[in-house]
$ cat coords.txt   # compact mmCIF, C-alpha atoms
# COMPACT_ATOMS: atom_id res chain seq x y z
CA MET A 1 -13.31 151.45 69.41
CA SER A 2 -15.24 152.95 72.30
CA GLU A 3 -14.25 156.19 73.97
CA ARG A 4 -13.45 154.38 77.21
CA THR A 5 -11.09 151.99 75.44
CA ALA A 6 -9.36 154.86 73.62
CA ALA A 7 -8.87 156.71 76.90
CA ARG A 8 -7.42 153.59 78.50
CA LEU A 9 -4.99 153.16 75.60
CA ARG A 10 -3.92 156.82 75.84
CA ARG A 11 -3.23 156.39 79.56
CA ARG A 12 -1.15 153.29 78.95
CA LEU A 13 0.80 154.99 76.15
CA ALA A 14 1.43 158.03 78.33
CA ALA A 15 2.54 155.89 81.28
CA HIS A 16 5.00 153.82 79.20
CA SER A 17 6.36 156.89 77.39
CA ARG A 18 6.69 158.82 80.63
CA ARG A 19 8.79 156.05 82.14
CA VAL A 20 11.13 156.25 79.15
CA VAL A 21 11.32 160.05 79.07
CA ASP A 22 11.92 160.38 82.82
CA SER A 23 14.66 157.75 82.87
CA GLY A 24 18.27 158.78 83.35
CA ALA A 25 19.38 156.80 80.30
CA PHE A 26 17.04 158.78 78.03
CA THR A 27 18.26 162.12 79.39
CA THR A 28 21.91 161.11 79.05
CA THR A 29 21.36 159.85 75.50
CA VAL A 30 19.65 163.04 74.34
CA PHE A 31 22.33 165.21 75.95
CA CYS A 32 25.06 163.18 74.21
CA LEU A 33 23.21 163.58 70.90
CA ILE A 34 23.06 167.35 71.36
CA THR A 35 26.78 167.43 72.19
CA ALA A 36 27.62 165.30 69.15
CA ASN A 37 25.46 167.54 66.97
CA ALA A 38 27.40 170.58 68.24
CA ALA A 39 30.69 168.82 67.43
CA LEU A 40 29.40 168.04 63.94
CA LEU A 41 28.57 171.71 63.37
CA GLY A 42 32.10 172.64 64.40
CA VAL A 43 33.60 170.07 62.04
CA GLU A 44 31.59 171.46 59.12
CA THR A 45 33.35 174.81 59.46
CA TYR A 46 36.48 173.21 57.94
CA THR A 47 36.17 173.28 54.15
CA GLY A 48 38.59 170.45 53.51
CA VAL A 49 36.74 168.06 55.83
CA VAL A 50 33.40 168.96 54.23
CA HIS A 51 34.67 168.19 50.73
CA GLN A 52 36.24 164.90 51.79
CA TRP A 53 33.45 163.61 54.03
CA HIS A 54 30.44 165.32 52.47
CA ALA A 55 28.31 162.16 52.16
CA ALA A 56 29.11 160.96 55.69
CA LEU A 57 28.36 164.37 57.20
CA LYS A 58 25.06 164.54 55.32
CA ALA A 59 24.07 161.08 56.56
CA ALA A 60 25.02 162.03 60.12
CA GLU A 61 22.82 165.12 59.88
CA HIS A 62 19.85 163.00 58.77
CA LEU A 63 20.47 160.59 61.65
CA PHE A 64 20.52 163.46 64.16
CA LEU A 65 17.28 164.85 62.74
CA ALA A 66 15.64 161.41 62.96
CA ALA A 67 16.83 160.97 66.56
CA PHE A 68 15.54 164.38 67.64
CA THR A 69 12.23 163.70 65.88
CA ALA A 70 11.86 160.42 67.76
CA GLU A 71 12.67 162.25 70.99
CA ILE A 72 9.99 164.90 70.52
CA LEU A 73 7.46 162.22 69.55
CA LEU A 74 8.24 160.35 72.78
CA ARG A 75 7.80 163.54 74.78
CA ALA A 76 4.46 164.16 73.07
CA ALA A 77 3.38 160.56 73.73
CA ALA A 78 4.19 161.05 77.42
CA HIS A 79 1.38 163.64 77.45
CA ALA A 80 -1.09 161.55 75.43
CA ASP A 81 -3.58 161.53 78.32
CA ARG A 82 -3.20 165.32 78.81
CA PRO A 83 -2.10 166.89 75.49
CA GLY A 84 -2.52 170.43 76.79
CA ASP A 85 0.22 169.94 79.39
CA PHE A 86 2.76 169.35 76.62
CA PHE A 87 2.36 172.91 75.31
CA ARG A 88 2.44 174.46 78.78
CA ASP A 89 6.14 173.68 79.01
CA PRO A 90 8.12 176.35 77.06
CA TRP A 91 10.98 173.90 76.46
CA ASN A 92 8.61 171.46 74.74
CA VAL A 93 7.35 174.24 72.47
CA PHE A 94 10.92 175.29 71.66
CA ASP A 95 11.97 171.71 70.88
CA LEU A 96 8.90 171.18 68.72
CA LEU A 97 9.57 174.33 66.69
CA VAL A 98 13.25 173.49 66.18
CA VAL A 99 12.45 169.99 64.96
CA THR A 100 9.38 170.68 62.83
CA VAL A 101 10.76 173.74 61.04
CA ALA A 102 13.63 171.56 59.79
CA PHE A 103 11.07 169.66 57.66
CA VAL A 104 9.69 172.81 56.03
CA PRO A 105 10.82 172.99 52.37
CA PHE A 106 11.86 176.64 52.70
CA ALA A 107 14.18 175.85 55.61
CA ARG A 108 15.67 172.79 53.91
CA GLU A 109 16.42 174.73 50.74
CA ASN A 110 17.95 177.74 52.53
CA ALA A 111 21.41 176.84 53.81
CA THR A 112 21.60 179.80 56.20
CA VAL A 113 18.25 179.06 57.85
CA LEU A 114 19.14 175.37 58.08
CA ARG A 115 22.43 176.17 59.83
CA LEU A 116 20.65 178.46 62.29
CA LEU A 117 18.12 175.72 63.05
CA ARG A 118 20.90 173.22 63.62
CA LEU A 119 22.61 175.73 65.89
CA ALA A 120 19.35 176.15 67.82
CA ARG A 121 19.51 172.44 68.67
CA VAL A 122 22.66 173.15 70.68
CA LEU A 123 20.66 175.56 72.85
CA ARG A 124 18.47 172.62 73.84
CA ALA A 125 21.32 171.48 76.07
CA ALA A 126 20.08 174.07 78.58
CA ARG A 127 17.07 171.82 79.18
CA PHE A 128 19.33 169.25 80.83
CA LEU A 129 21.53 171.71 82.77
CA PRO A 130 19.52 173.21 85.67
CA GLN A 131 21.97 176.04 86.40
CA LEU A 132 22.09 177.14 82.77
CA ARG A 133 18.30 176.89 82.61
CA ILE A 134 18.05 179.21 85.62
CA VAL A 135 20.32 181.76 83.94
CA ILE A 136 18.28 181.69 80.72
CA VAL A 137 15.02 182.13 82.63
CA ALA A 138 16.60 184.95 84.64
CA VAL A 139 17.66 186.73 81.45
CA GLY A 140 14.09 186.56 80.18
CA LYS A 141 12.69 187.88 83.44
CA SER A 142 15.21 190.72 83.55
CA LEU A 143 14.25 192.07 80.12
CA PRO A 144 11.58 194.52 81.40
CA GLY A 145 14.00 195.94 83.98
CA THR A 146 16.81 196.00 81.42
CA LEU A 147 14.60 197.98 79.03
CA SER A 148 14.03 200.61 81.72
CA PHE A 149 17.78 200.65 82.36
CA LEU A 150 18.47 201.23 78.66
CA LEU A 151 15.99 204.10 78.51
CA VAL A 152 17.53 205.83 81.53
CA GLY A 153 21.04 205.20 80.17
CA ALA A 154 20.10 206.61 76.75
CA LEU A 155 18.65 209.74 78.40
CA LEU A 156 21.80 210.17 80.49
CA LEU A 157 24.05 209.78 77.45
CA TYR A 158 21.99 212.26 75.44
CA VAL A 159 22.05 214.95 78.14
CA TYR A 160 25.77 214.64 78.84
CA ALA A 161 26.59 214.40 75.12
CA MET A 162 24.77 217.67 74.46
CA VAL A 163 26.55 219.33 77.39
CA GLY A 164 29.89 218.01 76.15
CA TRP A 165 29.17 219.26 72.63
CA VAL A 166 28.35 222.74 73.97
CA PHE A 167 31.54 223.07 76.07
CA PHE A 168 34.14 220.94 74.24
CA ALA A 169 33.15 220.92 70.54
CA ASP A 170 35.44 223.83 69.56
CA ASP A 171 38.50 222.62 71.50
CA ASP A 172 38.09 218.84 70.99
CA PRO A 173 36.10 218.25 67.78
CA GLU A 174 37.48 214.73 67.42
CA HIS A 175 35.56 213.53 70.48
CA TYR A 176 32.78 216.12 70.88
CA GLY A 177 32.41 217.60 67.38
CA SER A 178 28.89 216.16 66.96
CA LEU A 179 26.22 214.46 69.01
CA GLY A 180 27.17 211.04 67.67
CA ARG A 181 30.86 211.47 68.49
CA ALA A 182 30.04 212.76 71.96
CA VAL A 183 27.72 209.78 72.64
CA LEU A 184 30.41 207.33 71.47
CA THR A 185 33.04 209.01 73.65
CA LEU A 186 30.82 208.95 76.73
CA PHE A 187 29.77 205.36 76.10
CA LEU A 188 33.43 204.34 76.17
CA LEU A 189 33.95 206.42 79.30
CA MET A 190 31.07 204.54 80.92
CA THR A 191 33.28 201.46 80.78
CA LEU A 192 36.11 203.54 82.34
CA ASP A 193 38.16 202.99 79.18
CA GLY A 194 40.43 205.98 78.56
CA LEU A 195 39.03 207.92 81.49
CA GLY A 196 42.44 209.31 82.50
CA ASP A 197 43.19 210.69 79.03
CA ALA A 198 39.72 212.23 78.77
CA VAL A 199 40.05 213.94 82.15
CA ARG A 200 43.49 215.33 81.31
CA ALA A 201 42.23 216.65 77.97
CA GLY A 202 39.24 218.24 79.72
CA LEU A 203 41.42 219.91 82.35
CA GLU A 204 43.45 221.56 79.59
CA ILE A 205 40.22 223.16 78.38
CA SER A 206 38.73 224.11 81.77
CA ARG A 207 39.36 223.12 85.37
CA TRP A 208 35.59 222.86 85.86
CA SER A 209 35.46 219.90 83.47
CA ILE A 210 36.34 217.66 86.42
CA LEU A 211 32.77 218.13 87.66
CA TYR A 212 31.44 217.04 84.27
CA PHE A 213 33.47 213.83 84.14
CA ALA A 214 33.09 213.01 87.83
CA SER A 215 29.29 213.33 87.78
CA PHE A 216 29.01 211.32 84.57
CA VAL A 217 31.20 208.48 85.85
CA LEU A 218 29.33 208.46 89.16
CA LEU A 219 25.91 208.22 87.50
CA GLY A 220 26.81 206.13 84.47
CA SER A 221 29.45 203.73 85.74
CA PHE A 222 28.34 203.22 89.32
CA VAL A 223 24.66 204.04 89.84
CA LEU A 224 23.30 202.63 86.56
CA VAL A 225 25.54 199.56 86.53
CA ASN A 226 24.63 198.73 90.13
CA LEU A 227 20.94 199.10 89.25
CA LEU A 228 21.41 196.65 86.38
CA ILE A 229 23.19 194.20 88.67
CA GLY A 230 20.31 194.48 91.13
CA VAL A 231 17.78 193.71 88.39
CA VAL A 232 19.76 190.67 87.27
CA ILE A 233 20.20 189.34 90.83
CA ASN A 234 16.48 189.76 91.53
CA SER A 235 15.67 187.89 88.30
CA LEU A 236 18.09 185.11 89.27
CA GLN A 237 16.36 184.71 92.62
CA GLU A 238 12.94 184.53 90.96
CA ALA A 239 14.22 182.00 88.40
CA SER A 240 15.78 179.87 91.16
CA ALA A 241 12.52 179.86 93.11
CA LEU A 242 10.59 178.95 89.97
CA GLU A 243 13.01 176.12 89.18
CA ALA A 244 12.76 174.80 92.73
CA GLY A 245 8.96 174.82 92.49
CA GLN A 246 9.01 172.90 89.22
CA ASP A 247 11.45 170.31 90.54
CA ARG A 248 9.31 169.63 93.62
CA PRO A 249 7.49 166.34 92.99
CA VAL A 250 3.74 166.62 92.71
CA PRO A 251 1.80 163.56 93.88
CA ALA A 252 0.08 162.08 90.89
CA GLN A 253 -3.57 161.06 91.08
CA PRO A 254 -4.03 158.01 88.89
CA PRO A 255 -7.37 157.57 87.16
CA PRO A 256 -9.77 155.10 88.76
CA ALA A 257 -9.30 151.53 87.64
CA GLU A 258 -12.04 149.49 85.99
CA GLU A 259 -12.42 147.34 89.09
CA SER A 260 -13.04 150.38 91.28
CA ILE A 261 -15.76 151.58 88.91
CA LEU A 262 -17.50 148.18 89.01
CA ALA A 263 -17.31 148.08 92.81
CA LEU A 264 -18.81 151.57 93.01
CA ARG A 265 -21.68 150.52 90.73
CA ALA A 266 -22.34 147.46 92.93
CA ARG A 267 -22.49 149.65 96.04
CA ILE A 268 -24.95 152.01 94.34
CA ALA A 269 -27.15 149.04 93.36
CA ASP A 270 -27.07 147.73 96.95
CA ALA A 271 -28.03 151.16 98.26
CA ARG A 272 -30.97 151.32 95.84
CA ARG A 273 -32.23 147.89 96.94
CA THR A 274 -31.97 148.91 100.59
CA LEU A 275 -34.00 152.07 99.90
CA ASP A 276 -36.63 150.04 98.07
CA ASP A 277 -36.94 147.69 101.07
CA LEU A 278 -37.31 150.64 103.43
CA GLU A 279 -40.03 152.19 101.27
CA ALA A 280 -41.90 148.89 101.15
CA GLY A 281 -41.73 148.62 104.95
CA LEU A 282 -43.10 152.12 105.38
CA GLU A 283 -46.20 151.58 103.18
CA PRO A 284 -49.47 151.63 105.26
CA SER A 285 -50.94 148.18 105.75
CA VAL A 286 -54.52 147.51 104.47
CA PRO A 287 -56.96 146.82 107.40
CA PRO A 288 -58.66 143.35 107.23
CA ARG A 289 -62.34 143.17 106.23
CA LEU A 290 -64.94 142.24 108.84
$ encode --input "coords.txt" --output "structure tokens"
Amino acid sequence: MSERTAARLRRRLAAHSRRVVDSGAFTTTVFCLITANAALLGVETYTGVVHQWHAALKAAEHLFLAAFTAEILLRAAAHADRPGDFFRDPWNVFDLLVVTVAFVPFARENATVLRLLRLARVLRAARFLPQLRIVIVAVGKSLPGTLSFLLVGALLLYVYAMVGWVFFADDDPEHYGSLGRAVLTLFLLMTLDGLGDAVRAGLEISRWSILYFASFVLLGSFVLVNLLIGVVINSLQEASALEAGQDRPVPAQPPPAEESILALRARIADARRTLDDLEAGLEPSVPPRL
């Protein structure tokens, strides 16, 4: 088989597979399979049902695995003419890993790993829910900002925990007797849980403790939390813009057909003949002999 014929076959395979993958029926079917797989996982948490329907549940699991394998093969076939584009989509890579790892002997023999892999299939539902996909992408984009938020929050907790240990350890050892207890107490106060009791207990020790609790609540519960909300909102906007850019249809440029190539070759041959005629006309004529 020549290279040109193989390329033509890959284009035809990709075109037919792409029509199937992009169809609404295919998307609906895969989403229903993911939902049914999630329901099956929930059913298997009941011991009595597992013992009574063990064979049927096992067969259903094999059918789901076969269906998801066929799905990923169809998605790969849709990129037969451009295999690299298949791996540029993170969802394709995630689906491929979830399906292929299920065939690894280690995963099939380990019940815990197998259950986690089956649970990961449920996460694939986000591929078919644009809003959920935006949230997941936003969470990923907000991780660098969230890491900075955690570092600042940890520094704030450490400083205030040390100050609380210095001033309240002797009078309230249950909450400030050590650094760990002070950090736990302040972490709960950051959620405003038990703030009134903590303030009243602090006022019994010193009236200046109101400054300690007020400044901590202001910085920890309002400033830091609002910064985190800002990071998440910014990530949501970026994810929404990215999703809108991906959903915008890109005009496809089909490869030239065989007839167009033959017509181009005929034009080139005509141009060569015309140039040959021009060169022949420009040759100097030989003068006649006397």
$ residues_near_point --input "coords.txt" --point "(27.2, 211.8, 84.6)" --cutoff "12 Å" --atoms "all atoms listed in the file" --output "PyMOL selection string"
chain A and resi 152-164+186-187+189-190+209-224
$ write_last_selection --input "coords.txt" --atoms "C-alpha atoms" --output "PDB file, in the frame of the given file"
ATOM      1  CA  VAL A 152      17.530 205.830  81.530  1.00  0.00           C
ATOM      2  CA  GLY A 153      21.040 205.200  80.170  1.00  0.00           C
ATOM      3  CA  ALA A 154      20.100 206.610  76.750  1.00  0.00           C
ATOM      4  CA  LEU A 155      18.650 209.740  78.400  1.00  0.00           C
ATOM      5  CA  LEU A 156      21.800 210.170  80.490  1.00  0.00           C
ATOM      6  CA  LEU A 157      24.050 209.780  77.450  1.00  0.00           C
ATOM      7  CA  TYR A 158      21.990 212.260  75.440  1.00  0.00           C
ATOM      8  CA  VAL A 159      22.050 214.950  78.140  1.00  0.00           C
ATOM      9  CA  TYR A 160      25.770 214.640  78.840  1.00  0.00           C
ATOM     10  CA  ALA A 161      26.590 214.400  75.120  1.00  0.00           C
ATOM     11  CA  MET A 162      24.770 217.670  74.460  1.00  0.00           C
ATOM     12  CA  VAL A 163      26.550 219.330  77.390  1.00  0.00           C
ATOM     13  CA  GLY A 164      29.890 218.010  76.150  1.00  0.00           C
ATOM     14  CA  LEU A 186      30.820 208.950  76.730  1.00  0.00           C
ATOM     15  CA  PHE A 187      29.770 205.360  76.100  1.00  0.00           C
ATOM     16  CA  LEU A 189      33.950 206.420  79.300  1.00  0.00           C
ATOM     17  CA  MET A 190      31.070 204.540  80.920  1.00  0.00           C
ATOM     18  CA  SER A 209      35.460 219.900  83.470  1.00  0.00           C
ATOM     19  CA  ILE A 210      36.340 217.660  86.420  1.00  0.00           C
ATOM     20  CA  LEU A 211      32.770 218.130  87.660  1.00  0.00           C
ATOM     21  CA  TYR A 212      31.440 217.040  84.270  1.00  0.00           C
ATOM     22  CA  PHE A 213      33.470 213.830  84.140  1.00  0.00           C
ATOM     23  CA  ALA A 214      33.090 213.010  87.830  1.00  0.00           C
ATOM     24  CA  SER A 215      29.290 213.330  87.780  1.00  0.00           C
ATOM     25  CA  PHE A 216      29.010 211.320  84.570  1.00  0.00           C
ATOM     26  CA  VAL A 217      31.200 208.480  85.850  1.00  0.00           C
ATOM     27  CA  LEU A 218      29.330 208.460  89.160  1.00  0.00           C
ATOM     28  CA  LEU A 219      25.910 208.220  87.500  1.00  0.00           C
ATOM     29  CA  GLY A 220      26.810 206.130  84.470  1.00  0.00           C
ATOM     30  CA  SER A 221      29.450 203.730  85.740  1.00  0.00           C
ATOM     31  CA  PHE A 222      28.340 203.220  89.320  1.00  0.00           C
ATOM     32  CA  VAL A 223      24.660 204.040  89.840  1.00  0.00           C
ATOM     33  CA  LEU A 224      23.300 202.630  86.560  1.00  0.00           C
TER      34      LEU A 224
END
$ residues_around --input "coords.txt" --residues "Gly140 (chain A)" --least-positions-apart "4" --cutoff "12 Å" --atoms "only C-alpha atoms" --output "list in words"
Arg133, Ile134, Val135, Ile136, Pro144, Gly145, Thr146, Leu147, Val231, Val232, Ser235, Leu236, Glu238 and Ala239 of chain A
$ residues_around --input "coords.txt" --residues "region 1-12 of chain A" --least-positions-apart "3" --cutoff "8 Å" --atoms "only C-alpha atoms" --output "number ranges by chain"
A: 15-16, 80-81
$ atom_distance --input "coords.txt" --atom1 "CA of Glu44 (chain A)" --atom2 "CA of His62 (chain A)"
14.5 Å
$ atom_distance --input "coords.txt" --atom1 "CA of His54 (chain A)" --atom2 "CA of Leu123 (chain A)"
24.8 Å
$ residues_around --input "coords.txt" --residues "Val98 (chain A)" --least-positions-apart "2" --cutoff "12 Å" --atoms "only C-alpha atoms" --output "count of residues only"
28
$ closest_residue --input "coords.txt" --among "A:Leu74, A:Val20, A:Ile34, A:Ala201" --to "Phe86 (chain A)" --atoms "all atoms listed in the file"
A:Leu74
$ atom_distance --input "coords.txt" --atom1 "CA of Ala241 (chain A)" --atom2 "CA of Phe149 (chain A)"
24.0 Å
$ build_atoms --input "coords.txt" --residues "region 29-58 of chain A" --atoms "N, CA and C atoms" --output "compact mmCIF listing (two decimals), in the coordinates of the input"
# COMPACT_ATOMS: atom_id res chain seq x y z
N THR A 29 21.26 160.09 76.94
CA THR A 29 21.36 159.85 75.50
C THR A 29 21.06 161.11 74.70
N VAL A 30 20.01 161.82 75.07
CA VAL A 30 19.65 163.04 74.34
C VAL A 30 20.73 164.10 74.51
N PHE A 31 21.26 164.22 75.73
CA PHE A 31 22.33 165.21 75.95
C PHE A 31 23.58 164.86 75.13
N CYS A 32 23.91 163.59 75.04
CA CYS A 32 25.06 163.18 74.21
C CYS A 32 24.79 163.46 72.74
N LEU A 33 23.55 163.27 72.28
CA LEU A 33 23.21 163.58 70.90
C LEU A 33 23.36 165.07 70.61
N ILE A 34 22.93 165.90 71.55
CA ILE A 34 23.06 167.35 71.36
C ILE A 34 24.54 167.75 71.32
N THR A 35 25.34 167.14 72.19
CA THR A 35 26.78 167.43 72.19
C THR A 35 27.43 166.98 70.89
N ALA A 36 27.06 165.79 70.41
CA ALA A 36 27.62 165.30 69.15
C ALA A 36 27.18 166.16 67.98
N ASN A 37 25.94 166.65 68.03
CA ASN A 37 25.46 167.54 66.97
C ASN A 37 26.25 168.86 66.97
N ALA A 38 26.58 169.37 68.16
CA ALA A 38 27.40 170.58 68.24
C ALA A 38 28.80 170.33 67.68
N ALA A 39 29.37 169.15 67.98
CA ALA A 39 30.69 168.82 67.43
C ALA A 39 30.64 168.71 65.91
N LEU A 40 29.55 168.16 65.40
CA LEU A 40 29.40 168.04 63.94
C LEU A 40 29.33 169.42 63.29
N LEU A 41 28.64 170.36 63.91
CA LEU A 41 28.57 171.71 63.37
C LEU A 41 29.96 172.35 63.35
N GLY A 42 30.75 172.09 64.39
CA GLY A 42 32.10 172.64 64.40
C GLY A 42 32.98 172.03 63.33
N VAL A 43 32.81 170.73 63.08
CA VAL A 43 33.60 170.07 62.04
C VAL A 43 33.27 170.63 60.66
N GLU A 44 32.01 170.98 60.44
CA GLU A 44 31.59 171.46 59.12
C GLU A 44 32.12 172.85 58.80
N THR A 45 32.76 173.52 59.76
CA THR A 45 33.35 174.81 59.46
C THR A 45 34.68 174.67 58.72
N TYR A 46 35.23 173.46 58.65
CA TYR A 46 36.48 173.21 57.94
C TYR A 46 36.15 172.75 56.53
N THR A 47 36.54 173.54 55.54
CA THR A 47 36.17 173.28 54.15
C THR A 47 36.73 171.96 53.64
N GLY A 48 37.98 171.68 53.99
CA GLY A 48 38.59 170.45 53.51
C GLY A 48 37.87 169.20 54.02
N VAL A 49 37.47 169.21 55.27
CA VAL A 49 36.74 168.06 55.83
C VAL A 49 35.39 167.90 55.16
N VAL A 50 34.72 169.01 54.87
CA VAL A 50 33.40 168.96 54.23
C VAL A 50 33.50 168.34 52.85
N HIS A 51 34.51 168.74 52.08
CA HIS A 51 34.67 168.19 50.73
C HIS A 51 35.03 166.70 50.77
N GLN A 52 35.80 166.29 51.74
CA GLN A 52 36.24 164.90 51.79
C GLN A 52 35.17 163.98 52.36
N TRP A 53 34.44 164.45 53.35
CA TRP A 53 33.45 163.61 54.03
C TRP A 53 32.03 164.15 53.85
N HIS A 54 31.74 164.69 52.69
CA HIS A 54 30.44 165.32 52.47
C HIS A 54 29.28 164.33 52.66
N ALA A 55 29.39 163.15 52.07
CA ALA A 55 28.31 162.16 52.16
C ALA A 55 28.12 161.69 53.60
N ALA A 56 29.22 161.43 54.30
CA ALA A 56 29.11 160.96 55.69
C ALA A 56 28.50 162.03 56.59
N LEU A 57 28.91 163.28 56.39
CA LEU A 57 28.36 164.37 57.20
C LEU A 57 26.87 164.56 56.92
N LYS A 58 26.48 164.41 55.66
CA LYS A 58 25.06 164.54 55.32
C LYS A 58 24.24 163.43 55.96
